[in-house]
$ cat entry23.txt   # compact mmCIF, N, CA and C atoms
# COMPACT_ATOMS: atom_id res chain seq x y z
N MET L 1 1.76 -12.14 -0.38
CA MET L 1 1.33 -11.12 -1.30
C MET L 1 -0.19 -11.13 -1.33
N ALA L 2 -0.76 -9.95 -1.54
CA ALA L 2 -2.21 -9.85 -1.55
C ALA L 2 -2.66 -8.81 -2.57
N LEU L 3 -3.70 -9.16 -3.33
CA LEU L 3 -4.36 -8.22 -4.22
C LEU L 3 -5.51 -7.62 -3.44
N ILE L 4 -5.45 -6.33 -3.16
CA ILE L 4 -6.48 -5.67 -2.36
C ILE L 4 -7.71 -5.47 -3.23
N GLU L 5 -8.82 -6.05 -2.83
CA GLU L 5 -10.07 -5.92 -3.56
C GLU L 5 -11.08 -5.05 -2.85
N LYS L 6 -10.85 -4.78 -1.56
CA LYS L 6 -11.82 -4.00 -0.80
C LYS L 6 -11.11 -3.30 0.35
N PHE L 7 -11.50 -2.06 0.59
CA PHE L 7 -11.01 -1.30 1.73
C PHE L 7 -12.17 -1.11 2.70
N GLU L 8 -11.91 -1.27 3.99
CA GLU L 8 -12.93 -1.06 5.00
C GLU L 8 -12.33 -0.23 6.14
N PRO L 9 -13.06 0.78 6.62
CA PRO L 9 -12.56 1.53 7.77
C PRO L 9 -12.60 0.64 9.02
N VAL L 10 -11.62 0.80 9.88
CA VAL L 10 -11.57 0.04 11.13
C VAL L 10 -11.27 0.99 12.29
N GLN L 11 -11.66 0.58 13.47
CA GLN L 11 -11.35 1.32 14.68
C GLN L 11 -10.21 0.58 15.39
N ALA L 12 -9.30 1.34 15.98
CA ALA L 12 -8.19 0.74 16.70
C ALA L 12 -7.92 1.53 17.97
N ASP L 13 -7.65 0.82 19.05
CA ASP L 13 -7.33 1.48 20.32
C ASP L 13 -5.88 1.98 20.33
N VAL L 14 -5.01 1.28 19.64
CA VAL L 14 -3.59 1.64 19.63
C VAL L 14 -3.29 2.45 18.37
N GLN L 15 -2.70 3.60 18.58
CA GLN L 15 -2.29 4.45 17.46
C GLN L 15 -0.85 4.85 17.69
N ARG L 16 0.04 4.26 16.90
CA ARG L 16 1.45 4.58 17.05
C ARG L 16 2.11 4.62 15.68
N LEU L 17 3.18 5.38 15.61
CA LEU L 17 3.93 5.49 14.37
C LEU L 17 4.93 4.35 14.29
N HIS L 18 4.97 3.67 13.16
CA HIS L 18 5.93 2.58 12.95
C HIS L 18 7.26 3.15 12.50
N GLY L 19 8.28 2.32 12.55
CA GLY L 19 9.60 2.74 12.11
C GLY L 19 9.65 2.88 10.59
N PRO L 20 10.57 3.69 10.10
CA PRO L 20 10.67 3.93 8.66
C PRO L 20 11.27 2.74 7.90
N VAL L 21 10.75 2.50 6.71
CA VAL L 21 11.28 1.48 5.81
C VAL L 21 11.19 2.03 4.38
N THR L 22 11.78 1.31 3.45
CA THR L 22 11.69 1.66 2.04
C THR L 22 10.56 0.87 1.40
N CYS L 23 9.86 1.51 0.46
CA CYS L 23 8.81 0.84 -0.30
C CYS L 23 9.17 0.88 -1.78
N GLY L 24 9.35 -0.28 -2.35
CA GLY L 24 9.59 -0.37 -3.79
C GLY L 24 8.24 -0.50 -4.50
N PHE L 25 8.19 -0.07 -5.75
CA PHE L 25 6.93 -0.20 -6.49
C PHE L 25 7.22 -0.52 -7.94
N ARG L 26 6.25 -1.18 -8.56
CA ARG L 26 6.32 -1.48 -9.99
C ARG L 26 4.91 -1.72 -10.49
N SER L 27 4.72 -1.52 -11.77
CA SER L 27 3.42 -1.84 -12.36
C SER L 27 3.66 -2.75 -13.55
N PHE L 28 2.67 -3.59 -13.78
CA PHE L 28 2.77 -4.56 -14.87
C PHE L 28 1.36 -4.96 -15.27
N VAL L 29 1.24 -5.66 -16.38
CA VAL L 29 -0.06 -6.10 -16.89
C VAL L 29 -0.11 -7.62 -16.87
N VAL L 30 -1.20 -8.14 -16.31
CA VAL L 30 -1.44 -9.58 -16.29
C VAL L 30 -2.82 -9.81 -16.89
N ASP L 31 -2.89 -10.57 -17.96
CA ASP L 31 -4.16 -10.87 -18.63
C ASP L 31 -4.95 -9.59 -18.93
N GLY L 32 -4.25 -8.55 -19.39
CA GLY L 32 -4.89 -7.30 -19.74
C GLY L 32 -5.25 -6.41 -18.57
N ARG L 33 -4.90 -6.80 -17.37
CA ARG L 33 -5.24 -6.06 -16.14
C ARG L 33 -3.97 -5.43 -15.58
N ARG L 34 -3.93 -4.09 -15.51
CA ARG L 34 -2.77 -3.41 -14.95
C ARG L 34 -2.80 -3.52 -13.43
N VAL L 35 -1.63 -3.80 -12.88
CA VAL L 35 -1.47 -4.00 -11.44
C VAL L 35 -0.33 -3.12 -10.95
N LEU L 36 -0.54 -2.46 -9.81
CA LEU L 36 0.52 -1.75 -9.12
C LEU L 36 0.89 -2.59 -7.91
N GLN L 37 2.18 -2.91 -7.78
CA GLN L 37 2.64 -3.69 -6.65
C GLN L 37 3.56 -2.84 -5.78
N LEU L 38 3.29 -2.84 -4.49
CA LEU L 38 4.10 -2.14 -3.51
C LEU L 38 4.77 -3.17 -2.61
N ASP L 39 6.08 -3.10 -2.49
CA ASP L 39 6.85 -4.03 -1.66
C ASP L 39 7.56 -3.24 -0.57
N THR L 40 7.31 -3.59 0.69
CA THR L 40 8.06 -2.95 1.77
C THR L 40 9.20 -3.86 2.19
N TYR L 41 10.29 -3.23 2.55
CA TYR L 41 11.49 -3.94 2.97
C TYR L 41 11.70 -3.73 4.45
N GLY L 42 12.29 -4.70 5.10
CA GLY L 42 12.49 -4.63 6.54
C GLY L 42 13.37 -3.47 6.95
N SER L 43 13.33 -3.19 8.23
CA SER L 43 14.14 -2.11 8.79
C SER L 43 15.62 -2.41 8.66
N ALA L 44 16.43 -1.40 8.87
CA ALA L 44 17.89 -1.52 8.72
C ALA L 44 18.49 -2.55 9.66
N ASP L 45 17.84 -2.82 10.79
CA ASP L 45 18.38 -3.79 11.76
C ASP L 45 17.82 -5.19 11.58
N ARG L 46 17.14 -5.43 10.48
CA ARG L 46 16.58 -6.75 10.19
C ARG L 46 17.70 -7.74 9.91
N GLN L 47 17.46 -9.00 10.25
CA GLN L 47 18.48 -10.03 10.08
C GLN L 47 18.90 -10.19 8.62
N ILE L 48 17.94 -10.22 7.70
CA ILE L 48 18.25 -10.33 6.27
C ILE L 48 17.90 -9.00 5.62
N LEU L 49 18.92 -8.24 5.27
CA LEU L 49 18.70 -6.92 4.68
C LEU L 49 18.10 -7.03 3.28
N ASN L 50 17.31 -6.05 2.91
CA ASN L 50 16.69 -5.94 1.58
C ASN L 50 15.73 -7.08 1.26
N LYS L 51 15.27 -7.79 2.27
CA LYS L 51 14.28 -8.83 2.05
C LYS L 51 12.89 -8.20 2.11
N ILE L 52 12.03 -8.56 1.16
CA ILE L 52 10.67 -8.02 1.14
C ILE L 52 9.91 -8.52 2.37
N SER L 53 9.28 -7.56 3.07
CA SER L 53 8.47 -7.91 4.24
C SER L 53 7.01 -8.15 3.85
N GLN L 54 6.44 -7.20 3.13
CA GLN L 54 5.05 -7.32 2.69
C GLN L 54 4.96 -6.85 1.24
N SER L 55 4.00 -7.42 0.53
CA SER L 55 3.68 -6.98 -0.83
C SER L 55 2.18 -6.85 -0.93
N VAL L 56 1.74 -5.75 -1.50
CA VAL L 56 0.32 -5.58 -1.79
C VAL L 56 0.19 -5.15 -3.23
N GLN L 57 -0.93 -5.53 -3.83
CA GLN L 57 -1.19 -5.18 -5.22
C GLN L 57 -2.54 -4.48 -5.31
N LEU L 58 -2.63 -3.55 -6.27
CA LEU L 58 -3.86 -2.83 -6.56
C LEU L 58 -4.12 -2.87 -8.05
N ASP L 59 -5.39 -3.09 -8.42
CA ASP L 59 -5.77 -2.90 -9.81
C ASP L 59 -6.36 -1.49 -9.91
N VAL L 60 -6.90 -1.12 -11.06
CA VAL L 60 -7.37 0.26 -11.26
C VAL L 60 -8.50 0.61 -10.29
N ASP L 61 -9.39 -0.32 -10.00
CA ASP L 61 -10.47 -0.04 -9.06
C ASP L 61 -9.94 0.20 -7.65
N GLY L 62 -9.01 -0.64 -7.23
CA GLY L 62 -8.40 -0.46 -5.91
C GLY L 62 -7.61 0.83 -5.82
N ALA L 63 -6.94 1.19 -6.91
CA ALA L 63 -6.17 2.44 -6.94
C ALA L 63 -7.10 3.64 -6.81
N ARG L 64 -8.23 3.62 -7.51
CA ARG L 64 -9.21 4.71 -7.41
C ARG L 64 -9.71 4.87 -5.97
N GLU L 65 -10.03 3.74 -5.37
CA GLU L 65 -10.54 3.78 -4.00
C GLU L 65 -9.47 4.28 -3.03
N LEU L 66 -8.23 3.84 -3.22
CA LEU L 66 -7.15 4.29 -2.35
C LEU L 66 -6.90 5.79 -2.52
N ILE L 67 -6.99 6.30 -3.73
CA ILE L 67 -6.83 7.75 -3.96
C ILE L 67 -7.89 8.51 -3.18
N GLU L 68 -9.13 8.03 -3.20
CA GLU L 68 -10.20 8.70 -2.45
C GLU L 68 -9.93 8.66 -0.95
N ILE L 69 -9.46 7.53 -0.45
CA ILE L 69 -9.14 7.40 0.98
C ILE L 69 -8.02 8.37 1.35
N ILE L 70 -7.00 8.46 0.52
CA ILE L 70 -5.87 9.35 0.80
C ILE L 70 -6.34 10.81 0.79
N GLN L 71 -7.19 11.17 -0.16
CA GLN L 71 -7.69 12.55 -0.21
C GLN L 71 -8.53 12.90 1.01
N ARG L 72 -9.29 11.94 1.54
CA ARG L 72 -10.06 12.20 2.77
C ARG L 72 -9.13 12.29 3.98
N ALA L 73 -8.10 11.46 4.02
CA ALA L 73 -7.18 11.47 5.16
C ALA L 73 -6.29 12.71 5.18
N PHE L 74 -5.97 13.24 3.99
CA PHE L 74 -5.09 14.39 3.87
C PHE L 74 -5.76 15.47 3.03
N PRO L 75 -6.75 16.17 3.59
CA PRO L 75 -7.48 17.16 2.82
C PRO L 75 -6.59 18.28 2.27
N GLU L 76 -5.46 18.51 2.88
CA GLU L 76 -4.55 19.55 2.37
C GLU L 76 -3.98 19.21 1.00
N LEU L 77 -4.10 17.98 0.54
CA LEU L 77 -3.62 17.60 -0.79
C LEU L 77 -4.48 18.20 -1.90
N ASP L 78 -5.72 18.58 -1.58
CA ASP L 78 -6.63 19.14 -2.58
C ASP L 78 -6.31 20.58 -2.95
N ARG L 79 -5.33 21.17 -2.32
CA ARG L 79 -4.99 22.58 -2.57
C ARG L 79 -4.41 22.76 -3.94

$ encode --input "entry23.txt" --output "structure tokens"
Amino acid sequence: MALIEKFEPVQADVQRLHGPVTCGFRSFVVDGRRVLQLDTYGSADRQILNKISQSVQLDVDGARELIEIIQRAFPELDR
């Protein structure tokens, strides 16, 4: 699990679409700090079904930054 504190643009030579999975989400407060947690689950052919593969957490600052990144990546959302 990781609390994302910083986003940085990166360059990559490989660009491919990954297989579809489900992402669960929940929000909660720890020490007065609201956190959004996103949990991805393995693909349908994974050995242990419904096991969490990755978890990431965002606080309000990380959420603001991610919203800005998403708006730049998908300008059609501003319509």

$ closest_atom_pairs --input "entry23.txt" --of "region 24-44 of chain L" --to "region 51-68 of chain L" --cutoff "9 Å" --atoms "only C-alpha atoms" --output "tab-separated table"
residue	atom	partner	partner_atom	distance
L:Arg33	CA	L:Asp59	CA	7.1
L:Arg34	CA	L:Asp59	CA	6.0
L:Val35	CA	L:Asp59	CA	4.7
L:Leu36	CA	L:Leu58	CA	5.2
L:Gln37	CA	L:Gln57	CA	4.4
L:Leu38	CA	L:Val56	CA	5.4
L:Asp39	CA	L:Ser55	CA	4.4
L:Thr40	CA	L:Gln54	CA	5.4
L:Tyr41	CA	L:Ile52	CA	4.5
L:Gly42	CA	L:Ser53	CA	5.7

$ select_by_dssp --input "entry23.txt" --residues "chain L" --states "alpha helix (DSSP H)" --output "NGL selection string"
:L and (60-73)

$ atom_distance --input "entry23.txt" --atom1 "CA of Arg72 (chain L)" --atom2 "CA of Lys6 (chain L)"
16.7 Å

$ atom_distance --input "entry23.txt" --atom1 "CA of Phe25 (chain L)" --atom2 "atom C of Gln47 (chain L)"
21.7 Å

$ axis_aligned_box --input "entry23.txt" --around "region 61-78 of chain L" --padding-each-side "3 Å" --output "lines of an AutoDock Vina configuration file"
center_x = -7.1
center_y = 10.0
center_z = -2.4
size_x = 12.9
size_y = 27.2
size_z = 21.2

$ select_by_dssp --input "entry23.txt" --residues "chain L" --states "strand (DSSP E)" --output "list in words"
Ala2, Leu3, Cys23, Gly24, Phe25, Arg26, Ser27, Phe28, Val29, Val30, Arg33, Arg34, Val35, Leu36, Gln37, Leu38, Asp39, Thr40, Tyr41, Ile52, Ser53, Gln54, Ser55, Val56, Gln57 and Leu58 of chain L

$ atom_distance --input "entry23.txt" --atom1 "CA of Ala2 (chain L)" --atom2 "CA of Asn50 (chain L)"
19.6 Å

$ decode --input "entry23.txt" --residues "region 31-44 of chain L" --atoms "all heavy atoms" --output "PDB file, in the first residue's frame"
ATOM      1  N   ASP L  31      -6.594  10.421  11.971  1.00  0.00           N
ATOM      2  CA  ASP L  31      -6.011  11.592  12.644  1.00  0.00           C
ATOM      3  C   ASP L  31      -6.478  12.899  12.006  1.00  0.00           C
ATOM      4  O   ASP L  31      -5.688  13.818  11.782  1.00  0.00           O
ATOM      5  CB  ASP L  31      -4.486  11.519  12.632  1.00  0.00           C
ATOM      6  CG  ASP L  31      -3.951  10.309  13.379  1.00  0.00           C
ATOM      7  OD1 ASP L  31      -4.601   9.885  14.361  1.00  0.00           O
ATOM      8  OD2 ASP L  31      -2.889   9.782  12.991  1.00  0.00           O
ATOM      9  N   GLY L  32      -7.760  12.980  11.666  1.00  0.00           N
ATOM     10  CA  GLY L  32      -8.326  14.186  11.084  1.00  0.00           C
ATOM     11  C   GLY L  32      -8.028  14.381   9.607  1.00  0.00           C
ATOM     12  O   GLY L  32      -8.392  15.399   9.030  1.00  0.00           O
ATOM     13  N   ARG L  33      -7.371  13.441   8.984  1.00  0.00           N
ATOM     14  CA  ARG L  33      -6.969  13.526   7.569  1.00  0.00           C
ATOM     15  C   ARG L  33      -7.805  12.556   6.752  1.00  0.00           C
ATOM     16  O   ARG L  33      -7.762  11.353   6.988  1.00  0.00           O
ATOM     17  CB  ARG L  33      -5.495  13.163   7.476  1.00  0.00           C
ATOM     18  CG  ARG L  33      -4.860  13.293   6.132  1.00  0.00           C
ATOM     19  CD  ARG L  33      -3.395  12.903   6.279  1.00  0.00           C
ATOM     20  NE  ARG L  33      -2.620  13.147   5.093  1.00  0.00           N
ATOM     21  CZ  ARG L  33      -1.361  12.797   4.950  1.00  0.00           C
ATOM     22  NH1 ARG L  33      -0.718  12.183   5.948  1.00  0.00           N
ATOM     23  NH2 ARG L  33      -0.724  13.049   3.847  1.00  0.00           N
ATOM     24  N   ARG L  34      -8.606  13.079   5.805  1.00  0.00           N
ATOM     25  CA  ARG L  34      -9.420  12.218   4.958  1.00  0.00           C
ATOM     26  C   ARG L  34      -8.533  11.570   3.903  1.00  0.00           C
ATOM     27  O   ARG L  34      -7.664  12.203   3.315  1.00  0.00           O
ATOM     28  CB  ARG L  34     -10.536  12.983   4.261  1.00  0.00           C
ATOM     29  CG  ARG L  34     -11.341  12.071   3.331  1.00  0.00           C
ATOM     30  CD  ARG L  34     -12.733  12.510   3.067  1.00  0.00           C
ATOM     31  NE  ARG L  34     -13.583  12.629   4.239  1.00  0.00           N
ATOM     32  CZ  ARG L  34     -14.202  11.594   4.845  1.00  0.00           C
ATOM     33  NH1 ARG L  34     -14.022  10.368   4.408  1.00  0.00           N
ATOM     34  NH2 ARG L  34     -14.992  11.807   5.867  1.00  0.00           N
ATOM     35  N   VAL L  35      -8.763  10.284   3.695  1.00  0.00           N
ATOM     36  CA  VAL L  35      -7.983   9.483   2.754  1.00  0.00           C
ATOM     37  C   VAL L  35      -8.941   8.746   1.829  1.00  0.00           C
ATOM     38  O   VAL L  35      -9.960   8.216   2.278  1.00  0.00           O
ATOM     39  CB  VAL L  35      -7.101   8.459   3.515  1.00  0.00           C
ATOM     40  CG1 VAL L  35      -6.387   7.516   2.566  1.00  0.00           C
ATOM     41  CG2 VAL L  35      -6.101   9.168   4.409  1.00  0.00           C
ATOM     42  N   LEU L  36      -8.615   8.738   0.538  1.00  0.00           N
ATOM     43  CA  LEU L  36      -9.313   7.912  -0.439  1.00  0.00           C
ATOM     44  C   LEU L  36      -8.389   6.761  -0.772  1.00  0.00           C
ATOM     45  O   LEU L  36      -7.222   6.970  -1.117  1.00  0.00           O
ATOM     46  CB  LEU L  36      -9.622   8.702  -1.723  1.00  0.00           C
ATOM     47  CG  LEU L  36     -10.151   7.889  -2.901  1.00  0.00           C
ATOM     48  CD1 LEU L  36     -11.517   7.281  -2.579  1.00  0.00           C
ATOM     49  CD2 LEU L  36     -10.208   8.732  -4.157  1.00  0.00           C
ATOM     50  N   GLN L  37      -8.894   5.538  -0.630  1.00  0.00           N
ATOM     51  CA  GLN L  37      -8.095   4.356  -0.945  1.00  0.00           C
ATOM     52  C   GLN L  37      -8.705   3.644  -2.142  1.00  0.00           C
ATOM     53  O   GLN L  37      -9.913   3.414  -2.191  1.00  0.00           O
ATOM     54  CB  GLN L  37      -8.030   3.400   0.245  1.00  0.00           C
ATOM     55  CG  GLN L  37      -7.194   2.163  -0.050  1.00  0.00           C
ATOM     56  CD  GLN L  37      -6.882   1.358   1.188  1.00  0.00           C
ATOM     57  OE1 GLN L  37      -6.578   1.936   2.230  1.00  0.00           O
ATOM     58  NE2 GLN L  37      -6.954   0.044   1.086  1.00  0.00           N
ATOM     59  N   LEU L  38      -7.861   3.333  -3.113  1.00  0.00           N
ATOM     60  CA  LEU L  38      -8.255   2.581  -4.293  1.00  0.00           C
ATOM     61  C   LEU L  38      -7.550   1.233  -4.261  1.00  0.00           C
ATOM     62  O   LEU L  38      -6.328   1.176  -4.107  1.00  0.00           O
ATOM     63  CB  LEU L  38      -7.847   3.338  -5.569  1.00  0.00           C
ATOM     64  CG  LEU L  38      -8.377   4.760  -5.702  1.00  0.00           C
ATOM     65  CD1 LEU L  38      -7.733   5.452  -6.897  1.00  0.00           C
ATOM     66  CD2 LEU L  38      -9.884   4.756  -5.843  1.00  0.00           C
ATOM     67  N   ASP L  39      -8.314   0.158  -4.375  1.00  0.00           N
ATOM     68  CA  ASP L  39      -7.775  -1.198  -4.360  1.00  0.00           C
ATOM     69  C   ASP L  39      -8.099  -1.869  -5.686  1.00  0.00           C
ATOM     70  O   ASP L  39      -9.265  -1.957  -6.071  1.00  0.00           O
ATOM     71  CB  ASP L  39      -8.412  -2.040  -3.249  1.00  0.00           C
ATOM     72  CG  ASP L  39      -8.189  -1.468  -1.865  1.00  0.00           C
ATOM     73  OD1 ASP L  39      -7.066  -1.038  -1.572  1.00  0.00           O
ATOM     74  OD2 ASP L  39      -9.149  -1.469  -1.074  1.00  0.00           O
ATOM     75  N   THR L  40      -7.070  -2.339  -6.397  1.00  0.00           N
ATOM     76  CA  THR L  40      -7.337  -3.100  -7.612  1.00  0.00           C
ATOM     77  C   THR L  40      -7.240  -4.582  -7.300  1.00  0.00           C
ATOM     78  O   THR L  40      -6.446  -5.009  -6.460  1.00  0.00           O
ATOM     79  CB  THR L  40      -6.372  -2.739  -8.757  1.00  0.00           C
ATOM     80  OG1 THR L  40      -5.040  -3.057  -8.360  1.00  0.00           O
ATOM     81  CG2 THR L  40      -6.479  -1.264  -9.113  1.00  0.00           C
ATOM     82  N   TYR L  41      -8.087  -5.330  -7.975  1.00  0.00           N
ATOM     83  CA  TYR L  41      -8.147  -6.773  -7.788  1.00  0.00           C
ATOM     84  C   TYR L  41      -7.616  -7.455  -9.031  1.00  0.00           C
ATOM     85  O   TYR L  41      -7.723  -6.929 -10.137  1.00  0.00           O
ATOM     86  CB  TYR L  41      -9.583  -7.205  -7.497  1.00  0.00           C
ATOM     87  CG  TYR L  41     -10.123  -6.560  -6.246  1.00  0.00           C
ATOM     88  CD1 TYR L  41     -10.745  -5.322  -6.301  1.00  0.00           C
ATOM     89  CD2 TYR L  41      -9.941  -7.159  -5.015  1.00  0.00           C
ATOM     90  CE1 TYR L  41     -11.208  -4.711  -5.150  1.00  0.00           C
ATOM     91  CE2 TYR L  41     -10.397  -6.553  -3.852  1.00  0.00           C
ATOM     92  CZ  TYR L  41     -11.024  -5.322  -3.931  1.00  0.00           C
ATOM     93  OH  TYR L  41     -11.462  -4.712  -2.792  1.00  0.00           O
ATOM     94  N   GLY L  42      -7.042  -8.617  -8.859  1.00  0.00           N
ATOM     95  CA  GLY L  42      -6.445  -9.334  -9.971  1.00  0.00           C
ATOM     96  C   GLY L  42      -7.455  -9.701 -11.039  1.00  0.00           C
ATOM     97  O   GLY L  42      -8.662  -9.650 -10.834  1.00  0.00           O
ATOM     98  N   SER L  43      -6.925 -10.080 -12.178  1.00  0.00           N
ATOM     99  CA  SER L  43      -7.772 -10.476 -13.300  1.00  0.00           C
ATOM    100  C   SER L  43      -8.543 -11.748 -12.973  1.00  0.00           C
ATOM    101  O   SER L  43      -8.241 -12.455 -12.004  1.00  0.00           O
ATOM    102  CB  SER L  43      -6.919 -10.686 -14.547  1.00  0.00           C
ATOM    103  OG  SER L  43      -5.986 -11.722 -14.329  1.00  0.00           O
ATOM    104  N   ALA L  44      -9.521 -12.049 -13.794  1.00  0.00           N
ATOM    105  CA  ALA L  44     -10.397 -13.205 -13.568  1.00  0.00           C
ATOM    106  C   ALA L  44      -9.633 -14.524 -13.579  1.00  0.00           C
ATOM    107  O   ALA L  44     -10.066 -15.500 -12.966  1.00  0.00           O
ATOM    108  CB  ALA L  44     -11.507 -13.221 -14.613  1.00  0.00           C
TER     109      ALA L  44
END
